[in-house]
Amino acid sequence: MAAQLNDAIINQWHVEVYQHDESLDQGGVIDYQTKDIIKMKDGHYFIKSKCGFLVQSKDSNGKVGNFYNRLFGIVNPIYS
């Protein structure tokens, strides 16, 4: 999970935050992460072990994809 969130930070990708499949934050850019938390640029903090993150990214061809990270660090790439 940390690597995908680090990519989101570096590339300024849009990230949505979920808990128990409910949206906690409509999304924004991550300011920074530690081992346990992420801080969004809007000032909100989220505990990684309690949240899931939908990272909207682009692949090398410019196609938008979503990497949804559920609670235990399971990451699945899904491209539409």
# chains A, B, ... in the order shown; residues from 1 in each chain; ligands from 1
$ closest_atom_pairs --of "range 31-56 of chain A" --to "range 7-10 of chain A" --cutoff "10 Å" --atoms "only C-alpha atoms" --output "CSV"
residue,atom,partner,partner_atom,distance
A:Asp31,CA,A:Ile9,CA,6.7
A:Tyr32,CA,A:Ile9,CA,6.9
A:Gln33,CA,A:Ile9,CA,8.6
A:Met40,CA,A:Ile9,CA,9.7
A:Val55,CA,A:Ala8,CA,6.9
A:Gln56,CA,A:Ala8,CA,8.3
$ write_last_selection --atoms "all heavy atoms" --output "compact mmCIF listing (two decimals), in the first residue's frame"
# COMPACT_ATOMS: atom_id res chain seq x y z
N ASP A 31 -0.79 14.97 1.08
CA ASP A 31 0.33 15.84 1.43
C ASP A 31 1.55 14.99 1.78
O ASP A 31 2.63 15.18 1.24
CB ASP A 31 -0.07 16.75 2.58
CG ASP A 31 0.95 17.82 2.88
OD1 ASP A 31 1.73 18.18 1.98
OD2 ASP A 31 0.96 18.32 4.03
N TYR A 32 1.36 14.03 2.71
CA TYR A 32 2.44 13.11 3.07
C TYR A 32 1.86 11.88 3.75
O TYR A 32 0.67 11.86 4.12
CB TYR A 32 3.49 13.77 3.96
CG TYR A 32 3.02 14.16 5.34
CD1 TYR A 32 3.06 13.25 6.40
CD2 TYR A 32 2.56 15.44 5.60
CE1 TYR A 32 2.63 13.60 7.67
CE2 TYR A 32 2.13 15.81 6.87
CZ TYR A 32 2.17 14.88 7.89
OH TYR A 32 1.74 15.23 9.15
N GLN A 33 2.70 10.86 3.92
CA GLN A 33 2.31 9.66 4.64
C GLN A 33 3.41 9.26 5.61
O GLN A 33 4.57 9.59 5.40
CB GLN A 33 2.00 8.51 3.67
CG GLN A 33 3.23 7.94 2.98
CD GLN A 33 2.92 6.70 2.17
OE1 GLN A 33 2.08 5.90 2.55
NE2 GLN A 33 3.62 6.53 1.06
N MET A 40 -3.97 14.51 4.08
CA MET A 40 -4.39 15.11 2.82
C MET A 40 -4.00 16.58 2.83
O MET A 40 -3.85 17.19 3.89
CB MET A 40 -5.91 14.97 2.65
CG MET A 40 -6.42 13.53 2.72
SD MET A 40 -5.78 12.48 1.41
CE MET A 40 -6.82 13.01 0.06
N VAL A 55 -7.14 5.34 -5.56
CA VAL A 55 -6.16 6.21 -6.20
C VAL A 55 -6.47 6.26 -7.69
O VAL A 55 -6.44 5.23 -8.36
CB VAL A 55 -4.72 5.69 -5.97
CG1 VAL A 55 -3.72 6.58 -6.66
CG2 VAL A 55 -4.43 5.57 -4.48
N GLN A 56 -6.78 7.42 -8.19
CA GLN A 56 -7.05 7.58 -9.62
C GLN A 56 -5.77 8.01 -10.30
O GLN A 56 -5.26 9.10 -10.06
CB GLN A 56 -8.17 8.58 -9.84
CG GLN A 56 -9.48 8.07 -9.29
CD GLN A 56 -10.62 9.03 -9.51
OE1 GLN A 56 -10.42 10.21 -9.71
NE2 GLN A 56 -11.82 8.49 -9.49
$ closest_residue --among "A:Val17, A:Ser49, A:Asn11, A:Leu24" --to "Ile37 in chain A" --atoms "only C-alpha atoms"
A:Ser49
